[in-house]
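The file model.pdb comes next; it holds PDB, C-alpha atoms.
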ATOM      1  CA  MET A 107      -0.300  40.279 -12.668  1.00  0.00           C
ATOM      2  CA  ILE A 108       2.869  40.139 -14.737  1.00  0.00           C
ATOM      3  CA  ALA A 109       2.804  36.799 -16.612  1.00  0.00           C
ATOM      4  CA  TRP A 110       6.113  37.045 -18.456  1.00  0.00           C
ATOM      5  CA  ILE A 111       8.978  39.411 -18.823  1.00  0.00           C
ATOM      6  CA  LYS A 112      11.290  40.029 -21.746  1.00  0.00           C
ATOM      7  CA  GLY A 113      14.317  42.258 -21.540  1.00  0.00           C
ATOM      8  CA  ASN A 114      18.059  42.389 -21.011  1.00  0.00           C
ATOM      9  CA  MET A 115      19.706  40.694 -18.056  1.00  0.00           C
ATOM     10  CA  LEU A 116      21.510  43.378 -16.034  1.00  0.00           C
ATOM     11  CA  ARG A 117      22.711  41.575 -12.929  1.00  0.00           C
ATOM     12  CA  LYS A 118      22.497  38.197 -11.269  1.00  0.00           C
ATOM     13  CA  GLY A 119      22.996  36.546  -7.920  1.00  0.00           C
ATOM     14  CA  GLU A 120      22.879  32.968  -6.694  1.00  0.00           C
ATOM     15  CA  ASN A 121      19.149  32.505  -7.303  1.00  0.00           C
ATOM     16  CA  TRP A 122      17.968  35.745  -8.923  1.00  0.00           C
ATOM     17  CA  LEU A 123      18.336  37.952 -11.985  1.00  0.00           C
ATOM     18  CA  VAL A 124      17.595  41.600 -12.640  1.00  0.00           C
ATOM     19  CA  VAL A 125      15.829  41.954 -15.984  1.00  0.00           C
ATOM     20  CA  GLU A 126      15.517  45.443 -17.504  1.00  0.00           C
ATOM     21  CA  THR A 127      12.431  46.087 -19.573  1.00  0.00           C
ATOM     22  CA  ALA A 128      10.816  49.410 -20.487  1.00  0.00           C
ATOM     23  CA  GLY A 129      13.275  51.301 -18.286  1.00  0.00           C
ATOM     24  CA  LEU A 130      12.526  49.251 -15.157  1.00  0.00           C
ATOM     25  CA  GLY A 131      14.630  46.548 -13.531  1.00  0.00           C
ATOM     26  CA  TYR A 132      12.757  43.579 -12.102  1.00  0.00           C
ATOM     27  CA  ARG A 133      14.402  41.164  -9.670  1.00  0.00           C
ATOM     28  CA  VAL A 134      13.242  37.682 -10.617  1.00  0.00           C
ATOM     29  CA  PHE A 135      14.036  34.563  -8.589  1.00  0.00           C
ATOM     30  CA  ALA A 136      14.960  31.703 -10.912  1.00  0.00           C
ATOM     31  CA  SER A 137      16.390  28.200 -10.874  1.00  0.00           C
ATOM     32  CA  PRO A 138      20.172  27.789 -10.935  1.00  0.00           C
ATOM     33  CA  SER A 139      20.062  26.511 -14.536  1.00  0.00           C
ATOM     34  CA  ILE A 140      18.393  29.736 -15.705  1.00  0.00           C
ATOM     35  CA  VAL A 141      20.735  31.936 -13.653  1.00  0.00           C
ATOM     36  CA  LEU A 142      23.830  30.130 -14.934  1.00  0.00           C
ATOM     37  CA  SER A 143      22.750  30.256 -18.579  1.00  0.00           C
ATOM     38  CA  ALA A 144      21.785  33.961 -18.495  1.00  0.00           C
ATOM     39  CA  LYS A 145      24.454  36.310 -19.857  1.00  0.00           C
ATOM     40  CA  LEU A 146      24.888  39.925 -18.761  1.00  0.00           C
ATOM     41  CA  GLY A 147      23.460  42.400 -21.257  1.00  0.00           C
ATOM     42  CA  GLU A 148      21.786  39.715 -23.372  1.00  0.00           C
ATOM     43  CA  PRO A 149      18.036  39.322 -23.953  1.00  0.00           C
ATOM     44  CA  ILE A 150      16.087  36.941 -21.748  1.00  0.00           C
ATOM     45  CA  THR A 151      12.425  35.934 -21.637  1.00  0.00           C
ATOM     46  CA  LEU A 152      10.881  34.390 -18.545  1.00  0.00           C
ATOM     47  CA  TRP A 153       7.398  33.206 -17.671  1.00  0.00           C
ATOM     48  CA  THR A 154       6.678  34.675 -14.260  1.00  0.00           C
ATOM     49  CA  HIS A 155       4.651  34.174 -11.122  1.00  0.00           C
ATOM     50  CA  GLU A 156       4.083  37.321  -9.091  1.00  0.00           C
ATOM     51  CA  GLN A 157       3.789  36.890  -5.323  1.00  0.00           C
ATOM     52  CA  GLN A 158       2.258  39.761  -3.324  1.00  0.00           C
ATOM     53  CA  ARG A 159       3.616  40.104   0.207  1.00  0.00           C
ATOM     54  CA  GLU A 160       3.194  42.653   2.981  1.00  0.00           C
ATOM     55  CA  ASP A 161       6.673  44.014   2.345  1.00  0.00           C
ATOM     56  CA  GLY A 162       6.512  44.035  -1.470  1.00  0.00           C
ATOM     57  CA  ARG A 163       6.271  41.852  -4.526  1.00  0.00           C
ATOM     58  CA  GLU A 164       8.441  38.963  -5.610  1.00  0.00           C
ATOM     59  CA  PHE A 165       8.728  37.471  -9.071  1.00  0.00           C
ATOM     60  CA  PHE A 166       9.611  33.864  -9.845  1.00  0.00           C
ATOM     61  CA  GLY A 167      10.804  33.117 -13.372  1.00  0.00           C
ATOM     62  CA  PHE A 168      10.613  29.999 -15.525  1.00  0.00           C
ATOM     63  CA  ALA A 169      11.968  29.071 -18.943  1.00  0.00           C
ATOM     64  CA  THR A 170       8.666  27.643 -20.210  1.00  0.00           C
ATOM     65  CA  ALA A 171       4.942  27.965 -19.620  1.00  0.00           C
ATOM     66  CA  ASP A 172       4.888  24.245 -18.704  1.00  0.00           C
ATOM     67  CA  GLU A 173       7.330  24.877 -15.852  1.00  0.00           C
ATOM     68  CA  LEU A 174       5.193  27.778 -14.617  1.00  0.00           C
ATOM     69  CA  GLU A 175       1.997  25.698 -14.717  1.00  0.00           C
ATOM     70  CA  PHE A 176       3.717  22.867 -12.822  1.00  0.00           C
ATOM     71  CA  PHE A 177       4.953  25.439 -10.263  1.00  0.00           C
ATOM     72  CA  TRP A 178       1.357  26.601  -9.754  1.00  0.00           C
ATOM     73  CA  LYS A 179       0.332  23.003  -8.985  1.00  0.00           C
ATOM     74  CA  ILE A 180       3.250  22.484  -6.589  1.00  0.00           C
ATOM     75  CA  ILE A 181       2.532  25.619  -4.531  1.00  0.00           C
ATOM     76  CA  THR A 182      -1.052  24.461  -3.912  1.00  0.00           C
ATOM     77  CA  VAL A 183       0.392  21.868  -1.525  1.00  0.00           C
ATOM     78  CA  SER A 184       0.181  23.103   2.057  1.00  0.00           C
ATOM     79  CA  GLY A 185       3.627  23.970   3.364  1.00  0.00           C
ATOM     80  CA  VAL A 186       5.134  24.520  -0.089  1.00  0.00           C
ATOM     81  CA  GLY A 187       5.803  28.194  -0.729  1.00  0.00           C
ATOM     82  CA  PRO A 188       7.082  29.854  -3.897  1.00  0.00           C
ATOM     83  CA  LYS A 189      10.780  29.512  -3.051  1.00  0.00           C
ATOM     84  CA  MET A 190      10.470  25.795  -2.307  1.00  0.00           C
ATOM     85  CA  GLY A 191       8.267  25.396  -5.393  1.00  0.00           C
ATOM     86  CA  LEU A 192      10.948  27.049  -7.521  1.00  0.00           C
ATOM     87  CA  GLY A 193      13.507  24.641  -6.086  1.00  0.00           C
ATOM     88  CA  ILE A 194      11.308  21.655  -6.903  1.00  0.00           C
ATOM     89  CA  VAL A 195      10.706  22.811 -10.483  1.00  0.00           C
ATOM     90  CA  GLY A 196      14.397  23.527 -10.985  1.00  0.00           C
ATOM     91  CA  ALA A 197      15.620  20.284  -9.373  1.00  0.00           C
ATOM     92  CA  SER A 198      15.324  18.160 -12.517  1.00  0.00           C
ATOM     93  CA  ASN A 199      13.287  18.219 -15.687  1.00  0.00           C
ATOM     94  CA  ILE A 200       9.643  18.591 -14.739  1.00  0.00           C
ATOM     95  CA  ASN A 201       8.574  15.298 -16.312  1.00  0.00           C
ATOM     96  CA  ALA A 202      10.977  13.446 -14.019  1.00  0.00           C
ATOM     97  CA  VAL A 203       9.607  15.267 -10.951  1.00  0.00           C
ATOM     98  CA  LYS A 204       6.032  14.557 -12.055  1.00  0.00           C
ATOM     99  CA  LYS A 205       6.882  10.856 -12.388  1.00  0.00           C
ATOM    100  CA  TRP A 206       8.417  10.846  -8.900  1.00  0.00           C
ATOM    101  CA  ILE A 207       5.168  12.293  -7.568  1.00  0.00           C
ATOM    102  CA  ASP A 208       2.904   9.889  -9.466  1.00  0.00           C
ATOM    103  CA  GLN A 209       5.068   6.911  -8.484  1.00  0.00           C
ATOM    104  CA  GLY A 210       5.172   8.052  -4.850  1.00  0.00           C
ATOM    105  CA  ASN A 211       8.973   8.271  -4.902  1.00  0.00           C
ATOM    106  CA  ILE A 212       9.424  10.010  -1.533  1.00  0.00           C
ATOM    107  CA  ALA A 213      13.174   9.323  -1.524  1.00  0.00           C
ATOM    108  CA  ALA A 214      13.795  11.185  -4.805  1.00  0.00           C
ATOM    109  CA  LEU A 215      11.603  14.127  -3.790  1.00  0.00           C
ATOM    110  CA  SER A 216      13.227  14.457  -0.372  1.00  0.00           C
ATOM    111  CA  GLU A 217      16.666  14.713  -2.019  1.00  0.00           C
ATOM    112  CA  ILE A 218      15.623  18.089  -3.461  1.00  0.00           C
ATOM    113  CA  HIS A 219      17.224  20.905  -1.451  1.00  0.00           C
ATOM    114  CA  GLY A 220      14.756  22.210   1.132  1.00  0.00           C
ATOM    115  CA  VAL A 221      12.274  19.337   0.780  1.00  0.00           C
ATOM    116  CA  GLY A 222      12.128  17.043   3.782  1.00  0.00           C
ATOM    117  CA  LYS A 223      10.514  13.634   4.031  1.00  0.00           C
ATOM    118  CA  LYS A 224       7.253  14.986   5.497  1.00  0.00           C
ATOM    119  CA  THR A 225       6.933  17.627   2.789  1.00  0.00           C
ATOM    120  CA  ALA A 226       7.680  15.029   0.095  1.00  0.00           C
ATOM    121  CA  GLN A 227       4.933  12.814   1.558  1.00  0.00           C
ATOM    122  CA  LYS A 228       2.501  15.754   1.516  1.00  0.00           C
ATOM    123  CA  ILE A 229       3.342  16.522  -2.115  1.00  0.00           C
ATOM    124  CA  VAL A 230       2.701  12.909  -3.122  1.00  0.00           C
ATOM    125  CA  LEU A 231      -0.485  12.726  -1.045  1.00  0.00           C
ATOM    126  CA  GLU A 232      -1.946  15.921  -2.512  1.00  0.00           C
ATOM    127  CA  LEU A 233      -0.774  15.652  -6.149  1.00  0.00           C
ATOM    128  CA  LYS A 234      -0.495  11.941  -6.959  1.00  0.00           C
ATOM    129  CA  GLY A 235      -2.824  11.174  -9.853  1.00  0.00           C
ATOM    130  CA  LYS A 236      -3.488  14.866 -10.524  1.00  0.00           C
ATOM    131  CA  LEU A 237      -0.602  15.378 -12.943  1.00  0.00           C
ATOM    132  CA  ALA A 238      -2.330  13.786 -15.928  1.00  0.00           C
ATOM    133  CA  ASP A 239       0.176  14.968 -18.491  1.00  0.00           C
ATOM    134  CA  VAL A 240       3.122  13.009 -17.035  1.00  0.00           C
ATOM    135  CA  ASP A 241       3.459  10.778 -20.095  1.00  0.00           C
ATOM    136  CA  ALA A 242       1.013  12.409 -22.472  1.00  0.00           C
ATOM    137  CA  GLY A 243       3.189  13.038 -25.450  1.00  0.00           C
ATOM    138  CA  GLY A 244       6.207  12.476 -23.224  1.00  0.00           C
ATOM    139  CA  ASP A 245       9.308  12.131 -25.327  1.00  0.00           C
ATOM    140  CA  GLU A 246      12.378  10.423 -23.927  1.00  0.00           C
ATOM    141  CA  ALA A 247      14.609  11.968 -26.603  1.00  0.00           C
ATOM    142  CA  ALA A 248      13.423  15.479 -25.683  1.00  0.00           C
ATOM    143  CA  ASP A 249      13.909  14.653 -21.984  1.00  0.00           C
ATOM    144  CA  ALA A 250      17.475  13.550 -22.744  1.00  0.00           C
ATOM    145  CA  LEU A 251      18.167  16.873 -24.499  1.00  0.00           C
ATOM    146  CA  VAL A 252      16.768  18.793 -21.528  1.00  0.00           C
ATOM    147  CA  GLY A 253      19.103  16.747 -19.335  1.00  0.00           C
ATOM    148  CA  LEU A 254      21.961  17.937 -21.545  1.00  0.00           C
ATOM    149  CA  GLY A 255      21.048  21.562 -20.853  1.00  0.00           C
ATOM    150  CA  TYR A 256      18.744  22.513 -23.722  1.00  0.00           C
ATOM    151  CA  SER A 257      15.477  24.275 -22.922  1.00  0.00           C
ATOM    152  CA  ARG A 258      12.230  22.286 -23.165  1.00  0.00           C
ATOM    153  CA  GLU A 259      11.206  24.377 -26.206  1.00  0.00           C
ATOM    154  CA  GLU A 260      14.540  23.748 -28.007  1.00  0.00           C
ATOM    155  CA  ALA A 261      14.351  20.042 -27.226  1.00  0.00           C
ATOM    156  CA  ARG A 262      10.783  19.666 -28.473  1.00  0.00           C
ATOM    157  CA  SER A 263      11.462  21.487 -31.737  1.00  0.00           C
ATOM    158  CA  ALA A 264      14.733  19.567 -32.267  1.00  0.00           C
ATOM    159  CA  VAL A 265      13.093  16.121 -31.992  1.00  0.00           C
ATOM    160  CA  MET A 266       9.927  17.080 -33.869  1.00  0.00           C
ATOM    161  CA  GLY A 267       9.590  14.957 -36.984  1.00  0.00           C
ATOM    162  CA  ILE A 268      12.646  12.821 -36.246  1.00  0.00           C
ATOM    163  CA  GLU A 269      11.932   9.132 -36.401  1.00  0.00           C
ATOM    164  CA  GLY A 270      14.370   6.507 -35.282  1.00  0.00           C
ATOM    165  CA  ALA A 271      14.474   2.994 -34.035  1.00  0.00           C
ATOM    166  CA  THR A 272      15.825   3.960 -30.626  1.00  0.00           C
ATOM    167  CA  VAL A 273      15.836   6.966 -28.333  1.00  0.00           C
ATOM    168  CA  GLU A 274      19.599   7.148 -28.835  1.00  0.00           C
ATOM    169  CA  ASP A 275      19.165   7.480 -32.631  1.00  0.00           C
ATOM    170  CA  ARG A 276      16.631  10.273 -32.159  1.00  0.00           C
ATOM    171  CA  VAL A 277      18.896  12.121 -29.692  1.00  0.00           C
ATOM    172  CA  LYS A 278      21.853  11.904 -32.094  1.00  0.00           C
ATOM    173  CA  ALA A 279      19.751  13.244 -34.978  1.00  0.00           C
ATOM    174  CA  ALA A 280      18.380  16.059 -32.789  1.00  0.00           C
ATOM    175  CA  LEU A 281      21.888  17.032 -31.633  1.00  0.00           C
ATOM    176  CA  LYS A 282      22.985  17.258 -35.281  1.00  0.00           C
ATOM    177  CA  ARG A 283      19.969  19.481 -35.994  1.00  0.00           C
ATOM    178  CA  LEU A 284      20.757  21.688 -32.989  1.00  0.00           C
ATOM    179  CA  GLY A 285      24.396  21.955 -34.063  1.00  0.00           C
ATOM    180  CA  ARG A 286      23.374  23.530 -37.390  1.00  0.00           C
ATOM    181  CA  ARG A 287      21.621  26.469 -35.707  1.00  0.00           C
TER     182      ARG A 287
END

Taking this structure as input, can you express it in the form of structure tokens?
Amino acid sequence: MIAWIKGNMLRKGENWLVVETAGLGYRVFASPSIVLSAKLGEPITLWTHEQQREDGREFFGFATADELEFFWKIITVSGVGPKMGLGIVGASNINAVKKWIDQGNIAALSEIHGVGKKTAQKIVLELKGKLADVDAGGDEAADALVGLGYSREEARSAVMGIEGATVEDRVKAALKRLGRR
């Protein structure tokens, strides 16, 4: 199984990229945020899930290992396939989606493209209480940076070691740090 891919982005569509590595081009389905941020000819690294099908293989790409692991949990729910799982992971930052699940927020989940009310109920029923890391080490400042378009890895490293009285102070300090890079 191919767990991650690193190479140059050659082409992209609405929900996929072609990543060239070692002389081969792999089509990888990805969330809109990844597709939009990818630049032609530039290096890209994606954590991947490989799906074997009768008519071939499909790859689903994620910016972080955390997103991939959350995807694996989501696709264990009956009726949730890889394409819907990718949509759920890419709908918002994963901590927000995990909170929706643990809080039983059917309305928020069913607003995700392709997820109906019954599927949202199934997701809550099967995963509620099983996403133990929802707030473990959860950082509101890092979540805010992710909401601004930074990757989870960038956000975590930017807020690391920054202490402030409020989340707003920490976000401001992290943005200054990110601006120096």

Run the PyMOL selection byres ((chain A and resi 180) around 10) on the file and write out the hits as a compact mmCIF listing (two decimals) with C-alpha atoms, in the frame of the given file.
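Once everything was written out, this is expr15.txt:
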# COMPACT_ATOMS: atom_id res chain seq x y z
CA LEU A 174 5.19 27.78 -14.62
CA GLU A 175 2.00 25.70 -14.72
CA PHE A 176 3.72 22.87 -12.82
CA PHE A 177 4.95 25.44 -10.26
CA TRP A 178 1.36 26.60 -9.75
CA LYS A 179 0.33 23.00 -8.98
CA ILE A 181 2.53 25.62 -4.53
CA THR A 182 -1.05 24.46 -3.91
CA VAL A 183 0.39 21.87 -1.52
CA SER A 184 0.18 23.10 2.06
CA VAL A 186 5.13 24.52 -0.09
CA GLY A 187 5.80 28.19 -0.73
CA PRO A 188 7.08 29.85 -3.90
CA MET A 190 10.47 25.80 -2.31
CA GLY A 191 8.27 25.40 -5.39
CA LEU A 192 10.95 27.05 -7.52
CA ILE A 194 11.31 21.66 -6.90
CA VAL A 195 10.71 22.81 -10.48
CA ILE A 229 3.34 16.52 -2.12
CA GLU A 232 -1.95 15.92 -2.51
CA LEU A 233 -0.77 15.65 -6.15

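The two atoms in question, atom CA of A:Val273 and atom CA of A:Lys205, are spaced 18.7 Å apart.
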
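The residue set within 8 Å of stretch 122-133 of chain A, counting all atoms listed in the file and dropping same-chain residues fewer than 3 places from it, reads Ile111, Lys112, Gly113, Asn114, Met115, Leu116, Arg117, Lys118, Gly119, Ala136, Ser137, Val141, Ile150, Glu164 and Phe165 of chain A.
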
*Counting only C-alpha atoms, the option among A:Ser263, A:Thr225, A:Asn121, A:Gln157 closest to A:Ala247*: A:Ser263

Name the residues that the PyMOL selection byres ((chain A and resi 251-256) around 12) picks from the file above, as a PDB file with C-alpha atoms, keeping the file's coordinate frame, using the file's chain letters and numbers.
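Final file, out-v5.pdb:
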ATOM      1  CA  PRO A 138      20.172  27.789 -10.935  1.00  0.00           C
ATOM      2  CA  SER A 139      20.062  26.511 -14.536  1.00  0.00           C
ATOM      3  CA  ILE A 140      18.393  29.736 -15.705  1.00  0.00           C
ATOM      4  CA  LEU A 142      23.830  30.130 -14.934  1.00  0.00           C
ATOM      5  CA  SER A 143      22.750  30.256 -18.579  1.00  0.00           C
ATOM      6  CA  ALA A 169      11.968  29.071 -18.943  1.00  0.00           C
ATOM      7  CA  THR A 170       8.666  27.643 -20.210  1.00  0.00           C
ATOM      8  CA  GLY A 196      14.397  23.527 -10.985  1.00  0.00           C
ATOM      9  CA  ALA A 197      15.620  20.284  -9.373  1.00  0.00           C
ATOM     10  CA  SER A 198      15.324  18.160 -12.517  1.00  0.00           C
ATOM     11  CA  ASN A 199      13.287  18.219 -15.687  1.00  0.00           C
ATOM     12  CA  ILE A 200       9.643  18.591 -14.739  1.00  0.00           C
ATOM     13  CA  ASN A 201       8.574  15.298 -16.312  1.00  0.00           C
ATOM     14  CA  ALA A 202      10.977  13.446 -14.019  1.00  0.00           C
ATOM     15  CA  ASP A 245       9.308  12.131 -25.327  1.00  0.00           C
ATOM     16  CA  GLU A 246      12.378  10.423 -23.927  1.00  0.00           C
ATOM     17  CA  ALA A 247      14.609  11.968 -26.603  1.00  0.00           C
ATOM     18  CA  ALA A 248      13.423  15.479 -25.683  1.00  0.00           C
ATOM     19  CA  ASP A 249      13.909  14.653 -21.984  1.00  0.00           C
ATOM     20  CA  ALA A 250      17.475  13.550 -22.744  1.00  0.00           C
ATOM     21  CA  SER A 257      15.477  24.275 -22.922  1.00  0.00           C
ATOM     22  CA  ARG A 258      12.230  22.286 -23.165  1.00  0.00           C
ATOM     23  CA  GLU A 259      11.206  24.377 -26.206  1.00  0.00           C
ATOM     24  CA  GLU A 260      14.540  23.748 -28.007  1.00  0.00           C
ATOM     25  CA  ALA A 261      14.351  20.042 -27.226  1.00  0.00           C
ATOM     26  CA  ARG A 262      10.783  19.666 -28.473  1.00  0.00           C
ATOM     27  CA  SER A 263      11.462  21.487 -31.737  1.00  0.00           C
ATOM     28  CA  ALA A 264      14.733  19.567 -32.267  1.00  0.00           C
ATOM     29  CA  VAL A 265      13.093  16.121 -31.992  1.00  0.00           C
ATOM     30  CA  VAL A 273      15.836   6.966 -28.333  1.00  0.00           C
ATOM     31  CA  GLU A 274      19.599   7.148 -28.835  1.00  0.00           C
ATOM     32  CA  ARG A 276      16.631  10.273 -32.159  1.00  0.00           C
ATOM     33  CA  VAL A 277      18.896  12.121 -29.692  1.00  0.00           C
ATOM     34  CA  LYS A 278      21.853  11.904 -32.094  1.00  0.00           C
ATOM     35  CA  ALA A 279      19.751  13.244 -34.978  1.00  0.00           C
ATOM     36  CA  ALA A 280      18.380  16.059 -32.789  1.00  0.00           C
ATOM     37  CA  LEU A 281      21.888  17.032 -31.633  1.00  0.00           C
ATOM     38  CA  LYS A 282      22.985  17.258 -35.281  1.00  0.00           C
ATOM     39  CA  ARG A 283      19.969  19.481 -35.994  1.00  0.00           C
ATOM     40  CA  LEU A 284      20.757  21.688 -32.989  1.00  0.00           C
ATOM     41  CA  GLY A 285      24.396  21.955 -34.063  1.00  0.00           C
TER      42      GLY A 285
END

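With only C-alpha atoms as the atoms that count, the residue of A:Glu120, A:Ile207, A:Ala109, A:Lys224 with the shortest distance to A:Ala144 is A:Glu120.
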
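In this comparison, which uses all atoms listed in the file, the residue of A:Val230, A:Ala213, A:Ile108, A:Val203 approaching A:Glu156 most closely is A:Ile108.
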
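Put simply, atom CA of A:Leu215 is 25.1 Å away from atom CA of A:Leu152.
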
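Using all atoms listed in the file, the shortest contact distance between A:Gly193 and any of A:Thr151, A:Ser216, A:Gln158, A:Thr272 is found at A:Ser216.
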
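For the pair atom CA of A:Asp208 and atom CA of A:Leu231, the separation is 9.5 Å.
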
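Considering all atoms listed in the file, the residue among A:Asn211, A:Trp206, A:Trp110, A:His219 positioned nearest to A:Phe166 is A:Trp110.
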
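Nearest residue to A:Lys204, choosing from A:Arg286, A:Lys145, A:Lys234, A:Arg163 and counting all atoms listed in the file: A:Lys234.
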
Starting from the incomplete input, reconstruct N, CA and C atoms of stretch 218-240 of chain A and report them as a compact mmCIF listing (two decimals), in the frame of the given file.
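Written output follows (out.txt):
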# COMPACT_ATOMS: atom_id res chain seq x y z
N ILE A 218 15.64 16.71 -2.95
CA ILE A 218 15.62 18.09 -3.46
C ILE A 218 15.92 19.02 -2.30
N HIS A 219 16.83 19.96 -2.50
CA HIS A 219 17.22 20.90 -1.45
C HIS A 219 15.99 21.61 -0.87
N GLY A 220 15.85 21.53 0.44
CA GLY A 220 14.76 22.21 1.13
C GLY A 220 13.50 21.38 1.31
N VAL A 221 13.45 20.19 0.67
CA VAL A 221 12.27 19.34 0.78
C VAL A 221 12.60 18.18 1.71
N GLY A 222 11.93 18.14 2.84
CA GLY A 222 12.13 17.04 3.78
C GLY A 222 11.19 15.89 3.48
N LYS A 223 11.33 14.83 4.25
CA LYS A 223 10.51 13.63 4.03
C LYS A 223 9.02 13.92 4.21
N LYS A 224 8.67 14.69 5.25
CA LYS A 224 7.25 14.99 5.50
C LYS A 224 6.65 15.83 4.37
N THR A 225 7.42 16.79 3.89
CA THR A 225 6.93 17.63 2.79
C THR A 225 6.79 16.79 1.52
N ALA A 226 7.75 15.91 1.27
CA ALA A 226 7.68 15.03 0.10
C ALA A 226 6.43 14.15 0.18
N GLN A 227 6.13 13.64 1.37
CA GLN A 227 4.93 12.81 1.56
C GLN A 227 3.67 13.63 1.29
N LYS A 228 3.66 14.88 1.75
CA LYS A 228 2.50 15.75 1.52
C LYS A 228 2.29 16.01 0.03
N ILE A 229 3.42 16.26 -0.67
CA ILE A 229 3.34 16.52 -2.12
C ILE A 229 2.74 15.31 -2.83
N VAL A 230 3.22 14.13 -2.49
CA VAL A 230 2.70 12.91 -3.12
C VAL A 230 1.22 12.73 -2.77
N LEU A 231 0.90 12.90 -1.50
CA LEU A 231 -0.48 12.73 -1.04
C LEU A 231 -1.45 13.66 -1.78
N GLU A 232 -1.05 14.93 -1.93
CA GLU A 232 -1.95 15.92 -2.51
C GLU A 232 -1.94 15.97 -4.04
N LEU A 233 -0.86 15.52 -4.69
CA LEU A 233 -0.77 15.65 -6.15
C LEU A 233 -0.77 14.35 -6.93
N LYS A 234 -0.55 13.23 -6.26
CA LYS A 234 -0.50 11.94 -6.96
C LYS A 234 -1.80 11.71 -7.72
N GLY A 235 -1.66 11.41 -9.01
CA GLY A 235 -2.82 11.17 -9.85
C GLY A 235 -3.43 12.43 -10.43
N LYS A 236 -2.94 13.60 -10.03
CA LYS A 236 -3.49 14.87 -10.52
C LYS A 236 -2.60 15.52 -11.57
N LEU A 237 -1.53 14.84 -11.95
CA LEU A 237 -0.60 15.38 -12.94
C LEU A 237 -0.76 14.56 -14.22
N ALA A 238 -1.93 14.66 -14.82
CA ALA A 238 -2.33 13.79 -15.93
C ALA A 238 -1.39 13.80 -17.11
N ASP A 239 -0.65 14.87 -17.30
CA ASP A 239 0.18 14.97 -18.49
C ASP A 239 1.57 14.38 -18.31
N VAL A 240 1.78 13.56 -17.30
CA VAL A 240 3.12 13.01 -17.04
C VAL A 240 3.69 12.34 -18.28
